[in-house]
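I have placed the structure first, in the form of structure tokens, so that the comments after it can refer back to it.
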Amino acid sequence: MDAYRRIADRIAADIAAGRLRPGDRLPPQRRFARRHGIAVSTAERAYGELVRRGLVVGEVGRGTFVRAAPAGSAGLALTEAATAAPVNLELNYPSAPGQPELLAPALAPLLRPDVLAEALLPAPAAGTAPAREAVSGLLATPGWRPVPDQVLFTGNARQAIAAALASLVRPGGRVGVEELTYPLVKEIAARLAIRLVPLATDERGLRPESVTAAHRTAPLSALYVQPTLHNPTSVTSDGARRRQLADTVTSLHIPVVEDRIWSFLADADDPLAAYAPDLTHVVDGLSKRVAPGLTAGFLVVPPHRAGAVADAVRSGGWSAGRFALEAGVRWIQDGTVARLVAAKREDAAHRQRLLADHLDGFRIRSDPRALYAWWSLPTPWRADTFTAAAASHGISLTPGPAFAVSPTHTPNTIRIGLASTPVPDLEHALDTLAAIARGGGG
């Protein structure tokens, strides 16, 4: 038997015996490898095997956690039996009814040998002229339309964030972010050896005065912000707040990386690039609009930054696949993306109504257009114990501290991802979570 399978079997036995309980965190893979005198690659394969068996769940920036105890294990103080199949409310990729049938026609022409030969070539960071034109139209808002020559492409939006930050910030540099931020940005920062600086927010988003205060303490090399449907809180900054923030970064000359990956669900609001075009790098992509398996990331950069960011895309190995790029252009041009967006907006509104109904009476912060919700847990629950309790019922959630930039900031909250779970499973999961919350714990 392979070594990684033997290791996975031992961990599985610990879970079955109750030595590892739902919600327990496994050591980081490198630490586990050092402790047991094995290669890191062996530890990675062992953890991967546990994920495949459905025994643990992992997320970049959080770690790997025991998902659920076997049926009949002792010590569970909850009143309901675990669900028959795991319900993942961590992942958050929306899907529209009939999506494969909508996407298939545009792919068929790409399978012709003569077209496929071209589509399998590498794609430059600048993509193609048709791709730049198509994306310029897709991302346009009432007060802003990207200049096609300022559009670059990566494999996905996460790579676009990494390329923008790598081009702007030297190792050791400081990047201001909302005090709660996208967990993968923390992973990107660690890989690039840059420091994230948490900035204060309110019900309108990032507070401009917190940017000024942080920059005076020590210069900020850049900001990473989510002004539209902020993940996880779903806060959207109004136009006045965006103008204030644009004025602040302009006066301090701080470049901005603006993440608009969820903006397709919102009404057409202008990005910060409309107010600070010489400083703002706009990140977007197709993973949420279309599907995560065949996607491309978009990066609209200030005119003088195209060369530097394109170099970062190439050196980081973050270039888009030509096949995905060609497919994306066809989906944009034939109206498929627009139809998917309309369907996903309708689905988001429906899921938000279910959320409000099934979790009525709890402190939930969300936007009726968003596909996630931010739940302030009732006393005496804590984020870690509630996540563990939900895991024992086969429901995986993201605890609030996963989004916190400061290690001392441990919000007693969880994020509920509404997008990836079929509606009947989502309704059952929400009812189960409500019962757990009302039952007390912690």
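Residues are referred to by chain and number: the chain letter is A, B, ... according to the order shown in the structure tokens, the number counts from 1 in that chain, and ligands are numbered separately from 1 in the order shown.
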**Report entry** 8 Å contact set for Pro401 of chain A, only C-alpha atoms, chain neighbours under 6 positions out, as JSON, numbers by chain
**Finding:** {"A": [383, 409, 410, 411, 412, 413]}
Query raised in the report: How would you write, as an NGL selection string, the set of residues in segment 23-72 of chain A that DSSP gives as strand (DSSP E)?
Result: :A and (25-26 or 56-59 or 63-66)
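Between atom CA of Gly297 of chain A and atom CA of Trp318 of chain A the interatomic distance comes to 9.4 Å.
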Query raised in the report: Near Pro277 of chain A, counting only C-alpha atoms, which residues have an atom at most 10 Å away, once you skip same-chain residues fewer than 4 positions from it, shown as a PyMOL selection string?
Result: chain A and resi 144+146+246+250+255-256+271-273+281-282+300-303
With all heavy atoms retained, export the selected residues as a tab-separated table (two decimals), in the first residue's frame.
chain	number	residue	atom	x	y	z
A	144	TRP	N	-18.43	54.50	-17.19
A	144	TRP	CA	-17.07	53.99	-17.42
A	144	TRP	C	-17.09	52.88	-18.46
A	144	TRP	O	-17.96	52.02	-18.44
A	144	TRP	CB	-16.50	53.44	-16.10
A	144	TRP	CG	-15.14	52.83	-16.18
A	144	TRP	CD1	-13.96	53.49	-16.29
A	144	TRP	CD2	-14.82	51.43	-16.12
A	144	TRP	NE1	-12.91	52.59	-16.30
A	144	TRP	CE2	-13.41	51.32	-16.18
A	144	TRP	CE3	-15.57	50.27	-15.98
A	144	TRP	CZ2	-12.75	50.10	-16.14
A	144	TRP	CZ3	-14.92	49.05	-15.94
A	144	TRP	CH2	-13.53	48.97	-16.02
A	146	PRO	N	-13.96	50.44	-20.25
A	146	PRO	CA	-12.53	50.22	-20.36
A	146	PRO	C	-12.03	50.46	-21.78
A	146	PRO	O	-12.71	50.12	-22.76
A	146	PRO	CB	-12.36	48.73	-19.99
A	146	PRO	CG	-13.61	48.35	-19.29
A	146	PRO	CD	-14.69	49.23	-19.84
A	246	ALA	N	-11.69	57.69	-3.87
A	246	ALA	CA	-10.88	58.05	-5.03
A	246	ALA	C	-10.08	59.32	-4.77
A	246	ALA	O	-8.89	59.42	-5.12
A	246	ALA	CB	-11.77	58.22	-6.26
A	250	THR	N	-5.98	59.43	-4.64
A	250	THR	CA	-5.35	60.34	-5.59
A	250	THR	C	-4.42	61.31	-4.87
A	250	THR	O	-3.30	61.56	-5.31
A	250	THR	CB	-6.43	61.11	-6.39
A	250	THR	OG1	-7.23	60.17	-7.12
A	250	THR	CG2	-5.78	62.09	-7.35
A	255	PRO	N	-1.86	53.28	-5.48
A	255	PRO	CA	-2.54	52.44	-6.47
A	255	PRO	C	-3.59	51.55	-5.81
A	255	PRO	O	-3.48	51.19	-4.63
A	255	PRO	CB	-1.42	51.60	-7.07
A	255	PRO	CG	-0.16	52.29	-6.70
A	255	PRO	CD	-0.42	52.98	-5.40
A	256	VAL	N	-4.61	51.20	-6.58
A	256	VAL	CA	-5.73	50.41	-6.07
A	256	VAL	C	-5.95	49.18	-6.95
A	256	VAL	O	-5.90	49.27	-8.17
A	256	VAL	CB	-7.03	51.25	-6.05
A	256	VAL	CG1	-8.21	50.40	-5.56
A	256	VAL	CG2	-6.85	52.49	-5.19
A	271	PRO	N	-17.08	51.69	-11.23
A	271	PRO	CA	-15.94	51.29	-10.39
A	271	PRO	C	-15.13	52.50	-9.97
A	271	PRO	O	-15.33	53.62	-10.47
A	271	PRO	CB	-15.14	50.38	-11.32
A	271	PRO	CG	-15.42	50.91	-12.68
A	271	PRO	CD	-16.86	51.37	-12.65
A	272	LEU	N	-14.19	52.26	-9.07
A	272	LEU	CA	-13.28	53.33	-8.68
A	272	LEU	C	-12.48	53.85	-9.87
A	272	LEU	O	-12.04	55.00	-9.88
A	272	LEU	CB	-12.33	52.84	-7.59
A	272	LEU	CG	-12.93	52.63	-6.20
A	272	LEU	CD1	-11.92	51.96	-5.29
A	272	LEU	CD2	-13.41	53.94	-5.61
A	273	ALA	N	-12.31	53.00	-10.87
A	273	ALA	CA	-11.57	53.41	-12.07
A	273	ALA	C	-12.24	54.59	-12.77
A	273	ALA	O	-11.58	55.34	-13.50
A	273	ALA	CB	-11.44	52.23	-13.03
A	281	HIS	N	-6.69	49.43	-10.77
A	281	HIS	CA	-6.58	48.19	-11.53
A	281	HIS	C	-7.84	47.37	-11.24
A	281	HIS	O	-8.05	46.94	-10.11
A	281	HIS	CB	-5.34	47.40	-11.11
A	281	HIS	CG	-4.05	48.16	-11.22
A	281	HIS	ND1	-3.81	49.31	-10.47
A	281	HIS	CD2	-2.94	47.94	-11.97
A	281	HIS	CE1	-2.58	49.75	-10.77
A	281	HIS	NE2	-2.05	48.95	-11.67
A	282	VAL	N	-8.68	47.18	-12.23
A	282	VAL	CA	-9.97	46.52	-12.05
A	282	VAL	C	-9.84	45.03	-12.35
A	282	VAL	O	-9.38	44.64	-13.43
A	282	VAL	CB	-11.04	47.14	-12.96
A	282	VAL	CG1	-12.37	46.37	-12.83
A	282	VAL	CG2	-11.25	48.61	-12.59
A	300	VAL	N	-8.17	45.24	-15.95
A	300	VAL	CA	-8.13	46.53	-16.65
A	300	VAL	C	-7.17	47.42	-15.89
A	300	VAL	O	-7.36	47.71	-14.70
A	300	VAL	CB	-9.53	47.18	-16.71
A	300	VAL	CG1	-9.47	48.48	-17.49
A	300	VAL	CG2	-10.54	46.22	-17.33
A	301	VAL	N	-6.11	47.86	-16.58
A	301	VAL	CA	-5.03	48.57	-15.90
A	301	VAL	C	-4.94	50.01	-16.39
A	301	VAL	O	-5.39	50.34	-17.50
A	301	VAL	CB	-3.68	47.84	-16.13
A	301	VAL	CG1	-3.75	46.43	-15.61
A	301	VAL	CG2	-3.31	47.85	-17.61
A	302	PRO	N	-4.36	50.91	-15.58
A	302	PRO	CA	-4.10	52.26	-16.07
A	302	PRO	C	-3.20	52.22	-17.30
A	302	PRO	O	-2.40	51.28	-17.46
A	302	PRO	CB	-3.39	52.92	-14.88
A	302	PRO	CG	-3.84	52.14	-13.69
A	302	PRO	CD	-3.97	50.73	-14.17
A	303	PRO	N	-3.30	53.20	-18.18
A	303	PRO	CA	-2.58	53.12	-19.46
A	303	PRO	C	-1.08	52.95	-19.33
A	303	PRO	O	-0.46	52.22	-20.12
A	303	PRO	CB	-2.94	54.46	-20.15
A	303	PRO	CG	-3.51	55.33	-19.07
A	303	PRO	CD	-4.12	54.42	-18.08
Query - Polymer residues at most 9 Å from segment 14-28 of chain A, only C-alpha atoms, same-chain spacing of 2 or more positions, as a VMD selection string - result: chain A and resid 9 to 12 30 to 33 55 to 56 63 to 70 73 to 75 384 to 392
Query raised in the report: Counting only C-alpha atoms, what is within 8 Å of segment 173-190 of chain A, bar same-chain residues fewer than 2 positions away, as a VMD selection string?
Result: chain A and resid 60 to 62 158 161 to 162 169 to 171 192 to 201 206 211 214 219 to 225 231 to 232 402 to 406
List the neighbours of Ala131 of chain A out to 12 Å using only C-alpha atoms; skip same-chain residues closer than 6 positions along the sequence, and give me the result as a compact mmCIF listing (two decimals) with N, CA and C atoms, in the first residue's frame.
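Everything below was put into result.txt:
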# COMPACT_ATOMS: atom_id res chain seq x y z
N ALA A 123 -1.93 31.90 -25.02
CA ALA A 123 -2.52 33.24 -25.14
C ALA A 123 -1.59 34.26 -24.48
N PRO A 124 -1.28 35.35 -25.17
CA PRO A 124 -0.48 36.40 -24.52
C PRO A 124 -1.30 37.12 -23.47
N ALA A 125 -0.62 37.87 -22.61
CA ALA A 125 -1.33 38.60 -21.55
C ALA A 125 -2.35 39.56 -22.14
N GLY A 137 -16.79 45.77 -23.58
CA GLY A 137 -18.23 45.94 -23.56
C GLY A 137 -18.88 45.26 -22.37
N LEU A 138 -18.39 44.08 -22.00
CA LEU A 138 -18.97 43.32 -20.89
C LEU A 138 -18.84 44.08 -19.57
N PRO A 148 -10.03 49.19 -24.69
CA PRO A 148 -9.63 47.80 -24.99
C PRO A 148 -8.14 47.52 -24.83
N ASP A 149 -7.30 48.47 -25.18
CA ASP A 149 -5.85 48.23 -25.08
C ASP A 149 -5.36 48.18 -23.64
N GLN A 150 -6.22 48.50 -22.69
CA GLN A 150 -5.84 48.42 -21.29
C GLN A 150 -6.37 47.16 -20.61
N VAL A 151 -6.94 46.23 -21.40
CA VAL A 151 -7.46 44.98 -20.87
C VAL A 151 -6.42 43.87 -21.02
N LEU A 152 -6.11 43.20 -19.92
CA LEU A 152 -5.20 42.06 -19.92
C LEU A 152 -5.97 40.83 -19.43
N PHE A 153 -5.39 39.64 -19.64
CA PHE A 153 -6.08 38.39 -19.33
C PHE A 153 -5.20 37.46 -18.51
N ALA A 296 -11.73 32.71 -17.50
CA ALA A 296 -10.63 33.63 -17.73
C ALA A 296 -10.76 34.79 -16.78
N GLY A 297 -9.63 35.34 -16.36
CA GLY A 297 -9.63 36.52 -15.51
C GLY A 297 -9.35 37.76 -16.34
N PHE A 298 -9.93 38.88 -15.93
CA PHE A 298 -9.75 40.15 -16.64
C PHE A 298 -9.08 41.14 -15.71
N ALA A 320 -3.84 33.36 -19.42
CA ALA A 320 -5.10 32.67 -19.71
C ALA A 320 -4.87 31.58 -20.74
N ARG A 322 -5.82 29.81 -24.11
CA ARG A 322 -6.40 30.35 -25.34
C ARG A 322 -7.79 29.75 -25.60
N PHE A 323 -7.95 28.46 -25.31
CA PHE A 323 -9.25 27.82 -25.54
C PHE A 323 -10.33 28.47 -24.69
N ALA A 324 -10.04 28.67 -23.39
CA ALA A 324 -11.00 29.32 -22.51
C ALA A 324 -11.29 30.74 -22.96
N LEU A 325 -10.26 31.44 -23.42
CA LEU A 325 -10.44 32.81 -23.88
C LEU A 325 -11.34 32.85 -25.11
N GLU A 326 -11.09 31.96 -26.07
CA GLU A 326 -11.92 31.92 -27.27
C GLU A 326 -13.36 31.57 -26.93
N ALA A 327 -13.54 30.60 -26.03
CA ALA A 327 -14.90 30.23 -25.62
C ALA A 327 -15.60 31.41 -24.94
N GLY A 328 -14.87 32.10 -24.05
CA GLY A 328 -15.45 33.23 -23.35
C GLY A 328 -15.89 34.33 -24.29
N VAL A 329 -15.08 34.63 -25.29
CA VAL A 329 -15.44 35.67 -26.26
C VAL A 329 -16.73 35.29 -26.99
N ARG A 330 -16.84 34.03 -27.40
CA ARG A 330 -18.05 33.59 -28.09
C ARG A 330 -19.27 33.69 -27.19
N TRP A 331 -19.11 33.32 -25.90
CA TRP A 331 -20.24 33.41 -24.96
C TRP A 331 -20.66 34.86 -24.74
N ILE A 332 -19.70 35.76 -24.72
CA ILE A 332 -20.04 37.18 -24.58
C ILE A 332 -20.74 37.68 -25.83
N GLN A 333 -20.19 37.36 -26.98
CA GLN A 333 -20.71 37.91 -28.23
C GLN A 333 -22.08 37.37 -28.60
